[in-house]
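Beneath this line is the structure, given in structure tokens, with notes to follow.
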Amino acid sequence: MTKYSKTLKIKVVQDYLTSSLGYELIARKYGIKSNSLVVSWVQRYKAFGPKGLDVLSPKKIFDGSFKMNVLKWMKTNKASYPKTALHFNISNVGTIWQWQHIWETEGADALYRSKGRQTIMSADKQSKKRQQTELERLREENELLQIENEYPKKIKSLSPGRRKQQAQVIQELRLKHKLVKILKIVGMAKSTYEYIISHEPNGSSDQSVKQTIQIIKKNHPAYGYRRVTGELHRMNILVNHKKVLVLMRELQLLSTAFNKRTRKYNSYRGNVGTVAKNLINRRFFTDRPYQKLVTDVTEVRWGTKTIDERAYFTYIYDLFSGEILSHQVSKYPTVEFTTTVLNRAVKKISKNLKYRTTVHSDQGFQYQHQDWTHILKEHRIFQSMSRKATCLDNAAMESFFHIMKAEAFYQKETDTYETLVSQISVWIDDYNFSRIKTKLGCKSPIEYRIFTTQKAT
């Protein structure tokens, strides 16, 4: 097993705490085989400080009373092995598993047994040991019969399908007998028993989480279970996303905002101006703000959604944080409609950037027009365009349009053009400042940009 020095551990932990990198990327950066090690180091550092990262001696011996205290605490608090190891500052999680296994298979006395080489026994001692072994076998058979006779009705009256009730009976029997013997009589696998116990619902805590979920959904009706999980984590309510999915299904709060597809607008009119090269080339990732911007135009409708009840929406989107730099709604998709948005976005871009900005779009007539290209050249901005009839070259925009149309009008009446404009503006503000994204570490776009730029300075 690879050993890591305390100096390296501290360096890894400090890098994780001060950078925006996750556990997996930190592990790759330092050549650590498993990101679970990084998780463990960070948790131990937070709990015990630098002392928690000491390289512990492998010869450290725990006495039987300490082992029993650890196992009792884990059972009382329904804690996992890693959480228990962290609480008692035990470096190897597998050690606790071994104690648990010994306790369940051999009893509590085995935990007090000292390690070491056994002495060679004389013939008399060997004879006594055989007698003792036979006596233990008889005692075990007697205990099995006692278990069978003690609760015959409770066990046999339960059908094989009613596993939860069987697990409850087993818990009662565990007060007097060893688990492995009880399971042998009941005919239940240990893995089945542990699964039932670990998934036993905690009514009071579930109720508290449900109430919080209802509040989150009231403020963000279009949120799915992953973003609800993110909001819970921001409130220091650490619940697994699968658990949140189950609770939201029970509450009938699963989002249906993304079940519909709307008509796609096409602004292509052929080669009517400048067609730029595809500089982005589907490389949508960037590690700095305002380096890669994308834009597009889509159609939105209100009222009964007839041809006379349609408008057009466009905006400039920063691929770094997903922030909307500017947007516009109009009844006509003119060139001025798109250049207005571009001019607003350019004003937000710092003139002190050490790199040039690239704006990517499709080959719509607005983006081939000289007014559009003139603004880009004036501000030394590169122009990039998708290939003809290749929507995936601007996939980031297509994805955003779907999100906007699903969430901005979700569970809302849009009767007039003015209502439509208002709903989009309100949603854009919420998207930039409040709506969290899981890939940004459960932060909103503007919150993420401020967080990363402050770290860089």
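Following the order of the structure tokens, chains are lettered A, B, ..., residues in each are numbered from 1, and ligands are numbered from 1.
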
Which region 189-249 of chain A residues have any atom within 8 Å of an atom of region 432-451 of chain A, and for each, what is the nearest pair of atoms with distance in Å to one decimal, counting only C-alpha atoms, rows sorted by chain and number, as a Markdown table?
```
| residue | atom | partner | partner_atom | distance |
| --- | --- | --- | --- | --- |
| A:Arg226 | CA | A:Thr438 | CA | 7.6 |
| A:Arg227 | CA | A:Thr438 | CA | 6.8 |
| A:Gly230 | CA | A:Cys442 | CA | 5.5 |
| A:Glu231 | CA | A:Cys442 | CA | 7.3 |
| A:Arg234 | CA | A:Cys442 | CA | 7.5 |
```

Completion exercise
re CA of Asp393 (chain A) and CA of Asn278 (chain A): distance 8.3 Å

Fill in the blank from the handout: Among A:Val297, A:Val209, A:Val272, A:Leu86, Ala311 (chain A) is approached most closely, using only C-alpha atoms, by A:Val297

Exercise for the section: May I have the residues within 8 Å of region 340-344 of chain A as a ChimeraX atom specification, using only C-alpha atoms and disregarding those fewer than 3 positions away in the same chain? Expected result: /A:314-316,325-328,336-337,347-348,375

Practice task
Record the distance separating CA of Ala389 (chain A) and CA of Val346 (chain A), expressed in Å with one decimal.
Solution key: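 Atom-to-atom, CA of Ala389 (chain A) to CA of Val346 (chain A), that is 27.8 Å.
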
Exercise for the section: Would you mind telling me which residue in A:Glu250, A:Phe382, A:Ala222, A:Gln98 lies nearest to Ile403 (chain A) when using only C-alpha atoms? Expected result: A:Ala222

Handout entry: From A:Lys67, A:Arg28, A:Arg283, A:His233, residue lying nearest Tyr112 (chain A) [only C-alpha atoms]
Key =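 Closest candidate: A:Lys67.
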
Handout entry: Residue nearest Gln383 (chain A) among A:Phe409, A:Tyr4, A:Tyr367, A:Phe88 (counting only C-alpha atoms)
Key =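 Residue with the minimum atom-to-atom distance to Gln383 (chain A): A:Tyr367.
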